[in-house]
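Engineer: Next comes input-v8.txt, compact mmCIF, C-alpha atoms:
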# COMPACT_ATOMS: atom_id res chain seq x y z
CA MET R 53 -59.45 -31.26 -50.02
CA SER R 54 -56.52 -29.19 -48.86
CA SER R 55 -53.24 -29.66 -50.70
CA GLU R 56 -51.24 -27.76 -48.00
CA LYS R 57 -47.86 -29.36 -47.33
CA HIS R 58 -46.46 -29.93 -43.84
CA ASN R 59 -42.78 -30.31 -42.94
CA ILE R 60 -42.26 -33.26 -40.66
CA SER R 61 -39.10 -33.73 -38.59
CA LEU R 62 -38.45 -37.30 -37.49
CA TYR R 63 -35.92 -38.37 -34.92
CA LEU R 64 -35.68 -42.07 -34.21
CA ASN R 65 -34.49 -41.91 -30.66
CA THR R 66 -35.28 -45.53 -29.81
CA ASP R 67 -34.53 -48.81 -31.55
CA GLU R 68 -38.24 -49.73 -31.33
CA MET R 69 -39.28 -46.67 -33.28
CA LYS R 70 -36.59 -47.31 -35.88
CA GLN R 71 -37.83 -50.87 -36.27
CA GLN R 72 -41.41 -49.72 -36.72
CA LEU R 73 -40.56 -47.19 -39.41
CA THR R 74 -37.71 -48.83 -41.26
CA GLY R 75 -37.87 -52.51 -40.27
CA PRO R 76 -39.18 -55.41 -42.39
CA GLN R 77 -42.71 -54.97 -41.04
CA SER R 78 -42.82 -51.31 -42.06
CA ASN R 79 -45.13 -50.28 -44.91
CA ALA R 80 -42.74 -47.51 -45.98
CA SER R 81 -41.14 -47.70 -49.38
CA SER R 82 -37.37 -47.94 -49.78
CA SER R 83 -37.23 -44.25 -50.67
CA GLU R 84 -39.19 -43.31 -47.57
CA LYS R 85 -37.03 -45.57 -45.44
CA TYR R 86 -33.92 -43.91 -46.91
CA ILE R 87 -35.30 -40.43 -46.22
CA ILE R 88 -36.25 -41.43 -42.67
CA HIS R 89 -32.82 -42.92 -42.12
CA GLN R 90 -31.08 -39.84 -43.48
CA ASN R 91 -33.27 -37.59 -41.39
CA ASP R 92 -32.38 -39.60 -38.31
CA CYS R 93 -28.66 -39.34 -39.15
CA LEU R 94 -28.98 -35.59 -39.67
CA GLN R 95 -30.74 -35.20 -36.33
CA VAL R 96 -27.97 -37.12 -34.58
CA ASN R 97 -25.31 -35.07 -36.36
CA ASN R 98 -27.17 -31.92 -35.48
CA ILE R 99 -27.15 -32.80 -31.78
CA GLU R 100 -23.46 -33.68 -31.92
CA LEU R 101 -22.70 -30.41 -33.69
CA ARG R 102 -24.68 -28.45 -31.10
CA ASP R 103 -22.69 -30.19 -28.36
CA LYS R 104 -19.45 -29.33 -30.16
CA ILE R 105 -20.58 -25.73 -30.61
CA THR R 106 -21.43 -25.50 -26.90
CA LYS R 107 -18.02 -26.89 -25.92
CA LEU R 108 -16.26 -24.62 -28.39
CA GLN R 109 -18.19 -21.65 -27.06
CA GLU R 110 -17.16 -22.56 -23.51
CA GLU R 111 -13.53 -22.90 -24.62
CA PHE R 112 -13.78 -19.61 -26.49
CA ASN R 113 -15.20 -17.86 -23.40
CA ALA R 114 -12.42 -19.33 -21.27
CA LEU R 115 -9.78 -18.17 -23.77
CA GLU R 116 -11.41 -14.76 -23.97
CA GLU R 117 -11.32 -14.43 -20.17
CA GLU R 118 -7.70 -15.54 -20.15
CA ALA R 119 -6.86 -13.03 -22.89
CA ASP R 120 -8.63 -10.26 -20.95
CA GLY R 121 -6.66 -11.22 -17.84
CA HIS R 122 -3.44 -11.20 -19.86
CA ASP R 123 -4.26 -7.77 -21.29
CA GLU R 124 -5.03 -6.47 -17.81
CA ARG R 125 -1.78 -7.87 -16.40
CA THR R 126 0.11 -6.38 -19.35
CA ARG R 127 -1.54 -3.03 -18.68
CA TYR R 128 -0.57 -3.16 -15.01
CA MET R 129 2.98 -4.20 -15.89
CA ARG R 130 3.22 -1.29 -18.30
CA ASN R 131 2.01 1.07 -15.57
CA GLU R 132 4.50 -0.43 -13.13
CA MET R 133 7.36 0.06 -15.58
CA LYS R 134 6.19 3.62 -16.12
CA ASN R 135 6.21 4.13 -12.34
CA PHE R 136 9.74 2.77 -12.14
CA VAL R 137 10.86 5.27 -14.76
CA GLU R 138 9.12 8.09 -12.88
CA LEU R 139 10.76 6.97 -9.62
CA ARG R 140 14.17 7.02 -11.30
CA ASN R 141 13.55 10.49 -12.75
CA MET R 142 12.26 11.86 -9.44
CA THR R 143 15.22 10.35 -7.58
CA ASN R 144 17.60 12.02 -10.05
CA GLU R 145 15.77 15.31 -9.51
CA VAL R 146 16.15 14.97 -5.73
CA LEU R 147 19.87 14.26 -6.15
CA THR R 148 20.20 17.35 -8.35
CA ILE R 149 18.41 19.47 -5.73
CA PHE R 150 20.70 18.05 -3.02
CA GLU R 151 23.75 18.99 -5.11
CA GLN R 152 22.43 22.52 -5.56
CA LYS R 153 21.65 22.74 -1.84
CA TYR R 154 25.15 21.53 -0.99
CA LYS R 155 26.72 24.21 -3.21
CA ILE R 156 24.54 26.91 -1.64
CA SER R 157 25.42 25.64 1.85
CA GLU R 158 29.10 25.81 0.96
CA LEU R 159 28.72 29.41 -0.22
CA LYS R 160 26.82 30.29 2.95
CA HIS R 161 29.43 28.71 5.21
CA LYS R 162 32.21 30.38 3.24
CA THR R 163 30.53 33.77 3.68
CA ILE R 164 30.03 33.15 7.42
CA ASN R 165 33.66 32.04 7.81
CA GLU R 166 34.86 35.16 5.99
CA LEU R 167 32.71 37.29 8.30
CA LEU R 168 34.04 35.52 11.39
CA MET R 169 37.58 35.89 10.09
CA SER R 170 37.00 39.61 9.58
CA LEU R 171 35.59 39.92 13.10
CA ARG R 172 38.60 38.08 14.54
CA ASN R 173 40.98 40.34 12.59
CA PHE R 174 38.98 43.37 13.71
CA ILE R 175 39.37 42.42 17.36
CA ILE R 176 43.10 41.68 17.03
CA ILE R 177 43.92 44.81 15.03
CA ASN R 178 41.64 47.05 17.05
CA ARG R 179 43.07 45.86 20.38
CA THR R 180 46.60 46.25 19.03
CA LEU R 181 45.94 49.79 17.82
CA SER R 182 44.15 50.71 21.03
CA LEU R 183 46.97 49.40 23.18
CA THR R 184 49.59 51.10 21.02
CA SER R 185 47.78 54.44 20.99
CA GLY R 186 47.22 54.19 24.76
CA LEU R 187 50.93 53.61 25.36
CA LEU R 188 51.84 56.51 23.08
CA LEU R 189 49.41 58.82 24.88
CA TRP R 190 50.83 57.76 28.21
CA TYR R 191 54.40 58.15 26.96
CA PHE R 192 53.79 61.69 25.69
CA ASP R 193 51.75 62.51 28.77
CA LYS R 194 48.59 63.05 26.76
CA PHE R 195 46.62 60.33 28.44
CA ASN R 196 43.10 61.49 29.42
CA ILE R 197 39.52 60.45 28.82
CA TRP R 198 39.06 62.58 25.73
CA SER R 199 42.27 61.57 24.08
CA LEU R 200 41.51 57.95 24.91
CA LEU R 201 38.01 58.14 23.35
CA THR R 202 39.43 59.88 20.29
CA SER R 203 42.12 57.23 20.01
CA GLU R 204 39.55 54.42 20.32
CA LEU R 205 37.35 56.04 17.69
CA ILE R 206 40.22 56.43 15.23
CA SER R 207 41.50 52.90 15.80
CA GLY R 208 37.98 51.50 15.42
CA MET R 209 37.33 53.29 12.13
CA SER R 210 40.77 52.34 10.82
CA THR R 211 40.21 48.73 11.76
CA CYS R 212 36.79 48.67 10.08
CA TYR R 213 38.36 49.97 6.90
CA VAL R 214 41.22 47.49 6.99
CA THR R 215 39.01 44.47 7.77
CA LYS R 216 36.23 45.64 5.40
CA LEU R 217 33.66 45.61 8.21
CA LEU R 218 32.09 48.81 6.99
CA PRO R 219 28.31 49.23 7.38
CA MET R 220 27.83 49.01 3.63
CA ASN R 221 29.75 45.74 3.44
CA LEU R 222 27.94 44.30 6.47
CA ASN R 223 24.58 45.12 4.90
CA LYS R 224 25.66 43.47 1.67
CA THR R 225 26.80 40.37 3.56
CA LYS R 226 23.49 40.20 5.45
CA LYS R 227 21.50 40.32 2.20
CA LEU R 228 23.72 37.62 0.73
CA LEU R 229 23.20 35.35 3.75
CA ASP R 230 19.43 35.97 3.61
CA SER R 231 19.46 35.03 -0.08
CA TYR R 232 21.33 31.79 0.68
CA GLN R 233 18.89 30.97 3.45
CA THR R 234 15.91 31.56 1.13
CA GLN R 235 17.44 29.30 -1.52
CA LEU R 236 18.08 26.58 1.07
CA LYS R 237 14.47 26.73 2.24
CA GLU R 238 13.24 26.51 -1.35
CA SER R 239 15.47 23.46 -1.86
CA ASP R 240 14.04 21.83 1.29
CA ASP R 241 10.49 22.49 0.06
CA LYS R 242 11.31 20.95 -3.32
CA ILE R 243 12.84 17.89 -1.65
CA LEU R 244 9.78 17.43 0.58
CA LYS R 245 7.49 17.72 -2.43
CA LYS R 246 9.52 15.20 -4.43
CA ASN R 247 9.66 12.83 -1.47
CA LYS R 248 5.87 12.96 -1.25
CA GLU R 249 5.57 12.20 -4.98
CA ILE R 250 8.06 9.32 -4.62
CA LYS R 251 6.09 7.89 -1.70
CA GLU R 252 2.81 8.09 -3.62
CA THR R 253 4.37 6.42 -6.65
CA SER R 254 5.93 3.71 -4.46
CA VAL R 255 2.54 2.99 -2.85
CA SER R 256 1.04 2.69 -6.35
CA ASN R 257 3.82 0.25 -7.28
CA ASP R 258 3.11 -1.84 -4.17
CA PHE R 259 -0.56 -2.06 -5.15
CA ILE R 260 0.27 -3.19 -8.68
CA SER R 261 2.78 -5.79 -7.44
CA LYS R 262 0.31 -7.22 -4.93
CA TYR R 263 -2.38 -7.33 -7.64
CA ILE R 264 -0.11 -9.22 -10.04
CA GLU R 265 0.93 -11.67 -7.31
CA SER R 266 -2.71 -12.39 -6.50
CA LEU R 267 -3.50 -13.41 -10.10
Step by step, read the file and then write its structure as structure tokens.

Structural biologist:
Amino acid sequence: MSSEKHNISLYLNTDEMKQQLTGPQSNASSSEKYIIHQNDCLQVNNIELRDKITKLQEEFNALEEEADGHDERTRYMRNEMKNFVELRNMTNEVLTIFEQKYKISELKHKTINELLMSLRNFIIINRTLSLTSGLLLWYFDKFNIWSLLTSELISGMSTCYVTKLLPMNLNKTKKLLDSYQTQLKESDDKILKKNKEIKETSVSNDFISKYIESL
């Protein structure tokens, strides 16, 4: 005869079954009835605990999802704040470039005004000298085509020297104006590049703001 033991799990899920196993008509001893009753209580507690565990797991999952959403919103907010800082820095850089461009423009305009002033002085002085020399030639009866050309040449060279409109100076002024123009173009290119970066960062900010509002 086999002496192998078997574990038996009893769950009294109906009053009729409880009555049969633990009621007055049952053949079970008091110890057996106690064990059966305890087993039934444990089964009920076990089901209740499983229900609680399921509910707690659902609450935990909900809290975990909420925490993930909070972390994601925090991450987006951090990125948005970073973008705001970058926008401020890029705006300051653009303002600095504009200030530099303004200074270069002032120098360019000053150089052009000085050149125009020299040209105006050249015309006034040269015409005055030419008229004076022509009158002197006429007065001393030396007025002819050759003396007039010589007089114009001398007055022109003298005027160039006085007004500093010598070829060497004109060449130097041209190089200076070309340098200013190159610097202005470089400033414009930098401004366009920064404006593009600002626009891209602003679009990124709009996306983050719309995302946060949709949560």

Engineer: Skipping near chain neighbours, those fewer than 5 positions away, what residues fall within 10 Å of segment 222-232 of chain R using all atoms listed in the file, listed as a ChimeraX atom specification?

Structural biologist: /R:153,156-161,163-164,166-167,216-217,237-238

Engineer: Those same residues - C-alpha atoms - I'd like them written as a compact mmCIF listing (two decimals), in the coordinates of the input.

Structural biologist:
# COMPACT_ATOMS: atom_id res chain seq x y z
CA LYS R 153 21.65 22.74 -1.84
CA ILE R 156 24.54 26.91 -1.64
CA SER R 157 25.42 25.64 1.85
CA GLU R 158 29.10 25.81 0.96
CA LEU R 159 28.72 29.41 -0.22
CA LYS R 160 26.82 30.29 2.95
CA HIS R 161 29.43 28.71 5.21
CA THR R 163 30.53 33.77 3.68
CA ILE R 164 30.03 33.15 7.42
CA GLU R 166 34.86 35.16 5.99
CA LEU R 167 32.71 37.29 8.30
CA LYS R 216 36.23 45.64 5.40
CA LEU R 217 33.66 45.61 8.21
CA LYS R 237 14.47 26.73 2.24
CA GLU R 238 13.24 26.51 -1.35

Engineer: Looking at R:Lys134, R:Asn98, R:Asn91, R:Leu139, which one is nearest to Asn247 of chain R, with distances taken over only C-alpha atoms?

Structural biologist: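 When distances to Asn247 of chain R are compared using only C-alpha atoms, the smallest one comes from R:Leu139.
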
Engineer: Step by step: start from the point (11.5, 9.7, -7.5) in the file's coordinates, keep every protein, DNA or RNA residue that has an atom no farther than 8 Å from it, count all atoms listed in the file, and write the set as a list of chain:residue names.

Structural biologist: R:Glu138, R:Leu139, R:Arg140, R:Asn141, R:Met142, R:Thr143, R:Asn144, R:Glu145, R:Val146, R:Lys246, R:Asn247, R:Glu249, R:Ile250, R:Thr253

Engineer: Nearest to Ser170 of chain R among R:Met133, R:Leu201, R:Leu147, R:Leu218, with distances taken over only C-alpha atoms: which residue is it?

Structural biologist: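 Of R:Met133, R:Leu201, R:Leu147, R:Leu218, the one nearest Ser170 of chain R, counting only C-alpha atoms, is R:Leu218.
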
Engineer: Excluding Thr180 of chain R and any residue of its chain fewer than 5 positions from it, enumerate the residues within 12 Å of it, using all atoms listed in the file, and give them as an MDAnalysis selection string.

Structural biologist: chainID R and resid 173:175 185:187 203:204 207:208 210:211

Engineer: Can you measure atom CA of Glu111 of chain R to atom CA of Asp123 of chain R for me? One decimal in Å is fine.

Structural biologist: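 The value is 18.1 Å.
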
Engineer: Expressed in Å to a single decimal, how great is the separation between atom CA of His122 of chain R and atom CA of Glu110 of chain R?

Structural biologist: 18.2 Å

Engineer: May I ask which of the residues R:Met209, R:Leu101, R:Lys107, R:Asn135 is the closest one to Glu252 of chain R, counting all atoms listed in the file?

Structural biologist: R:Asn135

Engineer: Tell me which protein, DNA and RNA residues are within 12 Å of Trp190 of chain R, counting only C-alpha atoms, leaving out same-chain ones fewer than 6 positions away, and put them as a PyMOL selection string.

Structural biologist: chain R and resi 183-184+196-197+199-200+203

Engineer: For atom CA of Ile177 of chain R and atom CA of Asn165 of chain R, determine how far apart the two atoms are, in Å to one decimal place.

Structural biologist: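 Going from atom CA of Ile177 of chain R over to atom CA of Asn165 of chain R, I get 17.9 Å.
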